[in-house]
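Student: Provided below: upload_6.pdb, containing PDB, C-alpha atoms, pLDDT in the B column.
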```pdb
ATOM      1  CA  MET A   1      32.509-107.651 170.401  1.00 49.00           C
ATOM      2  CA  CYS A   2      30.540-108.485 167.310  1.00 47.00           C
ATOM      3  CA  GLY A   3      29.397-106.058 164.627  1.00 41.00           C
ATOM      4  CA  SER A   4      26.687-103.557 165.491  1.00 37.00           C
ATOM      5  CA  ALA A   5      23.929-104.544 163.071  1.00 40.00           C
ATOM      6  CA  ALA A   6      22.097-107.765 163.934  1.00 45.00           C
ATOM      7  CA  ALA A   7      22.355-108.971 160.321  1.00 50.00           C
ATOM      8  CA  GLU A   8      26.138-108.637 160.492  1.00 78.00           C
ATOM      9  CA  ARG A   9      26.583-110.320 163.839  1.00 93.00           C
ATOM     10  CA  PRO A  10      28.092-113.779 163.826  1.00 97.00           C
ATOM     11  CA  LEU A  11      25.800-116.638 164.665  1.00 98.00           C
ATOM     12  CA  LEU A  12      26.319-118.750 167.748  1.00 98.00           C
ATOM     13  CA  PHE A  13      24.793-122.219 167.373  1.00 98.00           C
ATOM     14  CA  LEU A  14      24.127-123.587 170.839  1.00 98.00           C
ATOM     15  CA  ASP A  15      23.641-127.179 171.942  1.00 98.00           C
ATOM     16  CA  VAL A  16      21.837-127.842 175.245  1.00 97.00           C
ATOM     17  CA  ASP A  17      22.871-131.269 176.561  1.00 96.00           C
ATOM     18  CA  GLY A  18      26.527-131.101 177.561  1.00 96.00           C
ATOM     19  CA  PRO A  19      27.272-127.377 177.091  1.00 98.00           C
ATOM     20  CA  LEU A  20      24.320-125.970 179.077  1.00 97.00           C
ATOM     21  CA  ILE A  21      23.280-129.058 181.024  1.00 96.00           C
ATOM     22  CA  PRO A  22      26.502-130.706 182.172  1.00 95.00           C
ATOM     23  CA  PHE A  23      26.330-134.442 182.716  1.00 91.00           C
ATOM     24  CA  GLY A  24      28.807-134.526 185.589  1.00 80.00           C
ATOM     25  CA  SER A  25      27.436-131.813 187.870  1.00 59.00           C
ATOM     26  CA  PRO A  26      27.991-132.802 191.493  1.00 55.00           C
ATOM     27  CA  HIS A  27      25.679-130.045 192.755  1.00 53.00           C
ATOM     28  CA  PRO A  28      22.187-130.930 193.969  1.00 51.00           C
ATOM     29  CA  PRO A  29      19.375-128.736 192.678  1.00 50.00           C
ATOM     30  CA  PRO A  30      18.749-125.619 194.753  1.00 51.00           C
ATOM     31  CA  PRO A  31      15.657-125.814 196.982  1.00 47.00           C
ATOM     32  CA  THR A  32      14.003-123.082 194.892  1.00 45.00           C
ATOM     33  CA  ALA A  33      14.653-124.797 191.566  1.00 50.00           C
ATOM     34  CA  PRO A  34      11.805-124.355 189.073  1.00 54.00           C
ATOM     35  CA  PRO A  35       9.783-127.438 188.093  1.00 54.00           C
ATOM     36  CA  ASP A  36      11.908-129.859 186.086  1.00 56.00           C
ATOM     37  CA  HIS A  37       9.260-130.638 183.417  1.00 58.00           C
ATOM     38  CA  GLY A  38      10.020-134.320 183.945  1.00 68.00           C
ATOM     39  CA  ASN A  39      13.748-133.814 183.347  1.00 80.00           C
ATOM     40  CA  PRO A  40      15.766-133.727 186.595  1.00 84.00           C
ATOM     41  CA  LEU A  41      18.863-132.636 184.632  1.00 87.00           C
ATOM     42  CA  LEU A  42      17.303-129.178 184.149  1.00 92.00           C
ATOM     43  CA  ALA A  43      18.360-128.395 187.723  1.00 91.00           C
ATOM     44  CA  ARG A  44      21.947-128.418 186.426  1.00 92.00           C
ATOM     45  CA  LEU A  45      21.365-125.322 184.261  1.00 94.00           C
ATOM     46  CA  ASP A  46      23.431-122.384 185.497  1.00 95.00           C
ATOM     47  CA  PRO A  47      21.063-119.389 185.281  1.00 95.00           C
ATOM     48  CA  THR A  48      24.031-117.006 184.812  1.00 96.00           C
ATOM     49  CA  LEU A  49      24.926-118.546 181.431  1.00 97.00           C
ATOM     50  CA  GLY A  50      22.180-116.686 179.571  1.00 98.00           C
ATOM     51  CA  ALA A  51      23.581-113.236 180.374  1.00 98.00           C
ATOM     52  CA  ARG A  52      27.090-114.409 179.516  1.00 98.00           C
ATOM     53  CA  LEU A  53      25.932-115.751 176.153  1.00 98.00           C
ATOM     54  CA  LEU A  54      24.017-112.568 175.341  1.00 98.00           C
ATOM     55  CA  ALA A  55      27.075-110.482 176.285  1.00 97.00           C
ATOM     56  CA  LEU A  56      29.030-112.158 173.471  1.00 97.00           C
ATOM     57  CA  GLY A  57      26.990-110.023 171.073  1.00 95.00           C
ATOM     58  CA  CYS A  58      26.173-112.821 168.644  1.00 97.00           C
ATOM     59  CA  SER A  59      22.871-113.908 167.185  1.00 97.00           C
ATOM     60  CA  LEU A  60      22.092-116.977 169.277  1.00 98.00           C
ATOM     61  CA  VAL A  61      20.501-119.973 167.543  1.00 98.00           C
ATOM     62  CA  TRP A  62      19.530-123.314 169.061  1.00 98.00           C
ATOM     63  CA  ALA A  63      21.367-126.341 167.643  1.00 97.00           C
ATOM     64  CA  THR A  64      19.883-129.088 169.761  1.00 95.00           C
ATOM     65  CA  THR A  65      17.582-132.082 169.695  1.00 92.00           C
ATOM     66  CA  TRP A  66      15.444-130.085 172.146  1.00 95.00           C
ATOM     67  CA  MET A  67      14.290-128.109 169.071  1.00 94.00           C
ATOM     68  CA  GLU A  68      11.425-125.693 169.958  1.00 96.00           C
ATOM     69  CA  GLU A  69      11.267-127.105 173.492  1.00 96.00           C
ATOM     70  CA  ALA A  70      14.545-125.274 174.158  1.00 97.00           C
ATOM     71  CA  ASN A  71      12.597-122.006 173.845  1.00 98.00           C
ATOM     72  CA  GLU A  72       9.821-123.248 176.116  1.00 96.00           C
ATOM     73  CA  VAL A  73      11.873-124.886 178.872  1.00 96.00           C
ATOM     74  CA  VAL A  74      15.549-123.886 178.684  1.00 97.00           C
ATOM     75  CA  ALA A  75      15.504-120.246 177.509  1.00 97.00           C
ATOM     76  CA  PRO A  76      13.341-118.923 180.387  1.00 97.00           C
ATOM     77  CA  ARG A  77      15.615-120.584 182.954  1.00 96.00           C
ATOM     78  CA  LEU A  78      18.605-118.783 181.425  1.00 97.00           C
ATOM     79  CA  GLY A  79      16.933-115.434 180.840  1.00 97.00           C
ATOM     80  CA  LEU A  80      17.205-115.853 177.069  1.00 98.00           C
ATOM     81  CA  PRO A  81      14.632-114.647 174.546  1.00 98.00           C
ATOM     82  CA  ARG A  82      13.092-117.066 172.071  1.00 98.00           C
ATOM     83  CA  LEU A  83      15.843-118.143 169.697  1.00 98.00           C
ATOM     84  CA  PRO A  84      15.629-119.419 166.118  1.00 97.00           C
ATOM     85  CA  VAL A  85      15.510-123.195 165.760  1.00 96.00           C
ATOM     86  CA  PRO A  86      16.995-124.517 162.503  1.00 93.00           C
ATOM     87  CA  ASP A  87      15.271-127.477 160.931  1.00 88.00           C
ATOM     88  CA  LEU A  88      17.674-130.252 161.854  1.00 82.00           C
ATOM     89  CA  PRO A  89      17.373-133.832 160.631  1.00 78.00           C
ATOM     90  CA  GLU A  90      16.646-136.602 163.092  1.00 70.00           C
ATOM     91  CA  ALA A  91      19.680-137.481 165.182  1.00 61.00           C
ATOM     92  CA  ASP A  92      20.643-140.810 163.704  1.00 58.00           C
ATOM     93  CA  GLY A  93      24.312-141.063 164.543  1.00 55.00           C
ATOM     94  CA  PRO A  94      27.346-139.882 162.629  1.00 54.00           C
ATOM     95  CA  GLY A  95      27.038-139.037 158.974  1.00 60.00           C
ATOM     96  CA  PRO A  96      29.366-140.147 156.227  1.00 70.00           C
ATOM     97  CA  ARG A  97      32.899-140.786 157.468  1.00 79.00           C
ATOM     98  CA  GLY A  98      32.093-139.570 160.990  1.00 86.00           C
ATOM     99  CA  LEU A  99      30.526-136.225 160.086  1.00 92.00           C
ATOM    100  CA  HIS A 100      28.164-135.083 162.849  1.00 92.00           C
ATOM    101  CA  TRP A 101      24.513-135.030 161.784  1.00 91.00           C
ATOM    102  CA  LYS A 102      24.231-131.301 162.646  1.00 94.00           C
ATOM    103  CA  THR A 103      27.259-130.118 160.656  1.00 95.00           C
ATOM    104  CA  ARG A 104      25.793-129.785 157.156  1.00 93.00           C
ATOM    105  CA  PRO A 105      22.477-128.200 158.210  1.00 94.00           C
ATOM    106  CA  LEU A 106      24.215-125.643 160.429  1.00 96.00           C
ATOM    107  CA  VAL A 107      26.629-124.625 157.661  1.00 96.00           C
ATOM    108  CA  GLU A 108      23.702-124.297 155.265  1.00 95.00           C
ATOM    109  CA  TRP A 109      21.752-122.227 157.801  1.00 95.00           C
ATOM    110  CA  ALA A 110      24.755-119.947 158.389  1.00 96.00           C
ATOM    111  CA  ASP A 111      25.084-119.340 154.654  1.00 94.00           C
ATOM    112  CA  ASP A 112      28.254-117.207 154.393  1.00 93.00           C
ATOM    113  CA  ARG A 113      27.981-115.621 157.845  1.00 96.00           C
ATOM    114  CA  PRO A 114      30.679-116.134 160.459  1.00 97.00           C
ATOM    115  CA  PHE A 115      29.560-118.575 163.115  1.00 98.00           C
ATOM    116  CA  VAL A 116      30.483-120.313 166.332  1.00 98.00           C
ATOM    117  CA  TRP A 117      29.132-123.752 167.080  1.00 98.00           C
ATOM    118  CA  VAL A 118      29.192-124.773 170.765  1.00 98.00           C
ATOM    119  CA  ASP A 119      28.618-128.508 171.245  1.00 98.00           C
ATOM    120  CA  ASP A 120      30.079-131.465 173.128  1.00 97.00           C
ATOM    121  CA  GLU A 121      30.152-133.780 170.091  1.00 95.00           C
ATOM    122  CA  ILE A 122      32.289-131.839 167.605  1.00 97.00           C
ATOM    123  CA  GLY A 123      35.130-133.817 166.073  1.00 95.00           C
ATOM    124  CA  ALA A 124      38.005-133.484 163.628  1.00 95.00           C
ATOM    125  CA  VAL A 125      35.861-134.544 160.641  1.00 95.00           C
ATOM    126  CA  ASP A 126      33.400-131.730 161.399  1.00 97.00           C
ATOM    127  CA  ARG A 127      36.227-129.171 161.551  1.00 97.00           C
ATOM    128  CA  GLN A 128      37.677-130.378 158.246  1.00 96.00           C
ATOM    129  CA  TRP A 129      34.290-130.382 156.539  1.00 95.00           C
ATOM    130  CA  VAL A 130      33.423-126.861 157.738  1.00 97.00           C
ATOM    131  CA  THR A 131      36.819-125.552 156.643  1.00 96.00           C
ATOM    132  CA  ALA A 132      36.229-126.961 153.159  1.00 96.00           C
ATOM    133  CA  ALA A 133      32.512-126.122 152.831  1.00 95.00           C
ATOM    134  CA  HIS A 134      32.016-122.796 154.624  1.00 97.00           C
ATOM    135  CA  PRO A 135      33.462-119.673 152.973  1.00 95.00           C
ATOM    136  CA  GLY A 136      33.233-117.526 156.107  1.00 94.00           C
ATOM    137  CA  PRO A 137      35.028-117.713 159.442  1.00 97.00           C
ATOM    138  CA  ALA A 138      33.834-120.473 161.752  1.00 98.00           C
ATOM    139  CA  LEU A 139      34.783-121.679 165.212  1.00 98.00           C
ATOM    140  CA  LEU A 140      33.706-125.165 166.215  1.00 98.00           C
ATOM    141  CA  HIS A 141      34.107-125.114 169.978  1.00 98.00           C
ATOM    142  CA  ARG A 142      33.862-128.432 171.802  1.00 98.00           C
ATOM    143  CA  VAL A 143      32.710-128.240 175.418  1.00 98.00           C
ATOM    144  CA  ASP A 144      33.508-130.880 178.034  1.00 97.00           C
ATOM    145  CA  PRO A 145      30.070-132.455 178.633  1.00 96.00           C
ATOM    146  CA  ALA A 146      30.945-133.377 182.212  1.00 95.00           C
ATOM    147  CA  ARG A 147      31.520-129.706 183.091  1.00 95.00           C
ATOM    148  CA  GLY A 148      29.468-127.669 180.618  1.00 96.00           C
ATOM    149  CA  LEU A 149      30.376-124.125 179.603  1.00 97.00           C
ATOM    150  CA  GLN A 150      33.133-122.740 181.832  1.00 97.00           C
ATOM    151  CA  ASP A 151      35.102-119.486 182.110  1.00 97.00           C
ATOM    152  CA  ALA A 152      37.791-120.856 179.778  1.00 98.00           C
ATOM    153  CA  ASP A 153      35.151-121.549 177.120  1.00 98.00           C
ATOM    154  CA  PHE A 154      33.822-117.989 177.327  1.00 98.00           C
ATOM    155  CA  ARG A 155      37.392-116.641 177.056  1.00 98.00           C
ATOM    156  CA  ALA A 156      37.990-118.742 173.920  1.00 98.00           C
ATOM    157  CA  LEU A 157      34.718-117.583 172.368  1.00 98.00           C
ATOM    158  CA  GLY A 158      35.381-113.949 173.280  1.00 97.00           C
ATOM    159  CA  ASP A 159      38.930-114.051 171.911  1.00 97.00           C
ATOM    160  CA  TRP A 160      37.763-115.539 168.602  1.00 97.00           C
ATOM    161  CA  LEU A 161      34.973-112.985 168.260  1.00 97.00           C
ATOM    162  CA  ALA A 162      37.337-110.109 169.100  1.00 95.00           C
ATOM    163  CA  ALA A 163      39.719-111.313 166.377  1.00 95.00           C
ATOM    164  CA  LEU A 164      36.828-111.107 163.881  1.00 92.00           C
ATOM    165  CA  ASP A 165      36.343-107.434 164.730  1.00 80.00           C
ATOM    166  CA  HIS A 166      40.061-106.668 164.691  1.00 70.00           C
ATOM    167  CA  PRO A 167      41.880-109.000 162.267  1.00 69.00           C
ATOM    168  CA  SER A 168      45.652-108.802 162.427  1.00 62.00           C
TER     169      SER A 168
END
```
Spell out the structure here as structure tokens.
Tutor:
Amino acid sequence: MCGSAAAERPLLFLDVDGPLIPFGSPHPPPPTAPPDHGNPLLARLDPTLGARLLALGCSLVWATTWMEEANEVVAPRLGLPRLPVPDLPEADGPGPRGLHWKTRPLVEWADDRPFVWVDDEIGAVDRQWVTAAHPGPALLHRVDPARGLQDADFRALGDWLAALDHPS
């Protein structure tokens, strides 16, 4: 879906809590679940999500308070390689006028590249700020934290990425 050269591929900034680890999962952990590293919510990770994310053809980048721990604990459970981890500021609540604390650093990290940001805390202020501050295409995709990434989310991401390759 995305361009062929890795440097040209859009970025996909990925949050963990909410999109990958849903908060409302009614399913108990499978009996063969890997050790939870002290976090019982890790059992809620759907191991099929990694292949689905890789199939989007983007350059995946962590955008999470898990920071490097996402590579150590989450990535192996999803079958993902080590991903870049941008230097994000401490999560200290909304920024000026409701701007999410991740918004500015992710736009700076993306530079002019097209990007998708998948998170459960994206709001209208973030969308407005990115539209004004980022010269390239960007999709800020909010995921329902109770359900995590679903088929409809992957369709929306795929449709947006396909439109990048084939603008009308």
Student: How many Å lie between atom CA of A:Leu140 and atom CA of A:Trp117, rounded to one decimal?
Tutor: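 Computing it gives 4.9 Å between the two atoms.
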Student: When you count all atoms listed in the file, which of these residues is closest to A:Trp62: A:Val116, A:Val85, A:Val130, A:Ile21?
Tutor: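 Checking each of A:Val116, A:Val85, A:Val130, A:Ile21 against A:Trp62, counting all atoms listed in the file, the winner is A:Val85.
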Student: Could you spell out the hits of the PyMOL selection byres ((chain A and resi 128) around 12) on the shown file, as a VMD selection string?
Tutor: chain A and resid 97 to 100 103 to 104 122 to 127 129 to 134 138 to 140
Student: Compare A:Gly50, A:Pro96, A:Gly57, A:Gly158 by their minimum atom-to-atom distance to A:Arg9, counting all atoms listed in the file, and give me the closest one.
Tutor: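 Result for the nearest residue to A:Arg9: A:Gly57.
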Student: From the options A:Leu56, A:Asp17, A:Pro135, A:His141, which residue's atoms come nearest to A:Arg44, counting all atoms listed in the file?
Tutor: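 Of all the options, A:Asp17 lies closest to A:Arg44.
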Student: Could you spell out the hits of the PyMOL selection byres ((chain A and resi 162-164) around 12) on the shown file, as a PDB file with C-alpha atoms, keeping the file's coordinate frame?
Tutor:
```
ATOM      1  CA  MET A   1      32.509-107.651 170.401  1.00 49.00           C
ATOM      2  CA  CYS A   2      30.540-108.485 167.310  1.00 47.00           C
ATOM      3  CA  GLY A   3      29.397-106.058 164.627  1.00 41.00           C
ATOM      4  CA  GLU A   8      26.138-108.637 160.492  1.00 78.00           C
ATOM      5  CA  ARG A   9      26.583-110.320 163.839  1.00 93.00           C
ATOM      6  CA  PRO A  10      28.092-113.779 163.826  1.00 97.00           C
ATOM      7  CA  LEU A  56      29.030-112.158 173.471  1.00 97.00           C
ATOM      8  CA  GLY A  57      26.990-110.023 171.073  1.00 95.00           C
ATOM      9  CA  CYS A  58      26.173-112.821 168.644  1.00 97.00           C
ATOM     10  CA  ARG A 113      27.981-115.621 157.845  1.00 96.00           C
ATOM     11  CA  PRO A 114      30.679-116.134 160.459  1.00 97.00           C
ATOM     12  CA  PHE A 115      29.560-118.575 163.115  1.00 98.00           C
ATOM     13  CA  VAL A 116      30.483-120.313 166.332  1.00 98.00           C
ATOM     14  CA  GLY A 136      33.233-117.526 156.107  1.00 94.00           C
ATOM     15  CA  PRO A 137      35.028-117.713 159.442  1.00 97.00           C
ATOM     16  CA  ALA A 138      33.834-120.473 161.752  1.00 98.00           C
ATOM     17  CA  LEU A 139      34.783-121.679 165.212  1.00 98.00           C
ATOM     18  CA  PHE A 154      33.822-117.989 177.327  1.00 98.00           C
ATOM     19  CA  ARG A 155      37.392-116.641 177.056  1.00 98.00           C
ATOM     20  CA  ALA A 156      37.990-118.742 173.920  1.00 98.00           C
ATOM     21  CA  LEU A 157      34.718-117.583 172.368  1.00 98.00           C
ATOM     22  CA  GLY A 158      35.381-113.949 173.280  1.00 97.00           C
ATOM     23  CA  ASP A 159      38.930-114.051 171.911  1.00 97.00           C
ATOM     24  CA  TRP A 160      37.763-115.539 168.602  1.00 97.00           C
ATOM     25  CA  LEU A 161      34.973-112.985 168.260  1.00 97.00           C
ATOM     26  CA  ASP A 165      36.343-107.434 164.730  1.00 80.00           C
ATOM     27  CA  HIS A 166      40.061-106.668 164.691  1.00 70.00           C
ATOM     28  CA  PRO A 167      41.880-109.000 162.267  1.00 69.00           C
ATOM     29  CA  SER A 168      45.652-108.802 162.427  1.00 62.00           C
TER      30      SER A 168
END
```
Student: Using the chain letters and numbers from the file, give me the residues hit by the PyMOL selection byres ((chain A and resi 16) around 12), as a VMD selection string.
Tutor: chain A and resid 13 to 15 17 to 23 41 to 42 44 to 46 49 to 50 61 to 71 73 to 75 78 117 to 121 143 145 148 to 149
Student: Starting from the structure just given, write a file holding stretch 42-56 of chain A with N, CA, C and O atoms, as a PDB file, in the first residue's frame.
Tutor:
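So out-v6.pdb came out as:
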```
ATOM      1  N   LEU A  42      -1.239  -7.527  29.797  1.00  0.00           N
ATOM      2  CA  LEU A  42      -0.535  -8.034  28.615  1.00  0.00           C
ATOM      3  C   LEU A  42      -1.247  -9.231  28.003  1.00  0.00           C
ATOM      4  O   LEU A  42      -1.127  -9.480  26.807  1.00  0.00           O
ATOM      5  N   ALA A  43      -2.006  -9.967  28.800  1.00  0.00           N
ATOM      6  CA  ALA A  43      -2.756 -11.108  28.276  1.00  0.00           C
ATOM      7  C   ALA A  43      -3.832 -10.665  27.287  1.00  0.00           C
ATOM      8  O   ALA A  43      -4.336 -11.480  26.521  1.00  0.00           O
ATOM      9  N   ARG A  44      -4.153  -9.389  27.267  1.00  0.00           N
ATOM     10  CA  ARG A  44      -5.170  -8.872  26.348  1.00  0.00           C
ATOM     11  C   ARG A  44      -4.617  -8.559  24.958  1.00  0.00           C
ATOM     12  O   ARG A  44      -5.375  -8.226  24.058  1.00  0.00           O
ATOM     13  N   LEU A  45      -3.299  -8.638  24.779  1.00  0.00           N
ATOM     14  CA  LEU A  45      -2.704  -8.407  23.464  1.00  0.00           C
ATOM     15  C   LEU A  45      -3.169  -9.485  22.492  1.00  0.00           C
ATOM     16  O   LEU A  45      -3.089 -10.673  22.791  1.00  0.00           O
ATOM     17  N   ASP A  46      -3.633  -9.072  21.342  1.00  0.00           N
ATOM     18  CA  ASP A  46      -4.015 -10.005  20.277  1.00  0.00           C
ATOM     19  C   ASP A  46      -2.772 -10.258  19.430  1.00  0.00           C
ATOM     20  O   ASP A  46      -2.306  -9.361  18.729  1.00  0.00           O
ATOM     21  N   PRO A  47      -2.223 -11.480  19.460  1.00  0.00           N
ATOM     22  CA  PRO A  47      -0.967 -11.737  18.749  1.00  0.00           C
ATOM     23  C   PRO A  47      -1.076 -11.594  17.230  1.00  0.00           C
ATOM     24  O   PRO A  47      -0.054 -11.483  16.559  1.00  0.00           O
ATOM     25  N   THR A  48      -2.293 -11.526  16.688  1.00  0.00           N
ATOM     26  CA  THR A  48      -2.448 -11.362  15.232  1.00  0.00           C
ATOM     27  C   THR A  48      -2.270  -9.906  14.798  1.00  0.00           C
ATOM     28  O   THR A  48      -2.137  -9.639  13.595  1.00  0.00           O
ATOM     29  N   LEU A  49      -2.279  -8.970  15.737  1.00  0.00           N
ATOM     30  CA  LEU A  49      -2.185  -7.552  15.364  1.00  0.00           C
ATOM     31  C   LEU A  49      -0.846  -7.201  14.733  1.00  0.00           C
ATOM     32  O   LEU A  49      -0.769  -6.339  13.858  1.00  0.00           O
ATOM     33  N   GLY A  50       0.222  -7.838  15.151  1.00  0.00           N
ATOM     34  CA  GLY A  50       1.541  -7.528  14.607  1.00  0.00           C
ATOM     35  C   GLY A  50       1.601  -7.730  13.106  1.00  0.00           C
ATOM     36  O   GLY A  50       2.045  -6.838  12.362  1.00  0.00           O
ATOM     37  N   ALA A  51       1.138  -8.881  12.630  1.00  0.00           N
ATOM     38  CA  ALA A  51       1.144  -9.160  11.188  1.00  0.00           C
ATOM     39  C   ALA A  51       0.252  -8.176  10.446  1.00  0.00           C
ATOM     40  O   ALA A  51       0.595  -7.730   9.344  1.00  0.00           O
ATOM     41  N   ARG A  52      -0.865  -7.820  11.038  1.00  0.00           N
ATOM     42  CA  ARG A  52      -1.777  -6.870  10.381  1.00  0.00           C
ATOM     43  C   ARG A  52      -1.149  -5.483  10.287  1.00  0.00           C
ATOM     44  O   ARG A  52      -1.305  -4.782   9.287  1.00  0.00           O
ATOM     45  N   LEU A  53      -0.426  -5.084  11.326  1.00  0.00           N
ATOM     46  CA  LEU A  53       0.252  -3.787  11.293  1.00  0.00           C
ATOM     47  C   LEU A  53       1.378  -3.785  10.271  1.00  0.00           C
ATOM     48  O   LEU A  53       1.519  -2.834   9.495  1.00  0.00           O
ATOM     49  N   LEU A  54       2.164  -4.847  10.240  1.00  0.00           N
ATOM     50  CA  LEU A  54       3.251  -4.939   9.259  1.00  0.00           C
ATOM     51  C   LEU A  54       2.713  -4.941   7.837  1.00  0.00           C
ATOM     52  O   LEU A  54       3.331  -4.380   6.929  1.00  0.00           O
ATOM     53  N   ALA A  55       1.559  -5.565   7.617  1.00  0.00           N
ATOM     54  CA  ALA A  55       0.966  -5.639   6.279  1.00  0.00           C
ATOM     55  C   ALA A  55       0.547  -4.271   5.755  1.00  0.00           C
ATOM     56  O   ALA A  55       0.377  -4.105   4.543  1.00  0.00           O
ATOM     57  N   LEU A  56       0.397  -3.285   6.629  1.00  0.00           N
ATOM     58  CA  LEU A  56       0.048  -1.939   6.171  1.00  0.00           C
ATOM     59  C   LEU A  56       1.179  -1.315   5.357  1.00  0.00           C
ATOM     60  O   LEU A  56       0.967  -0.375   4.610  1.00  0.00           O
TER      61      LEU A  56
END
```
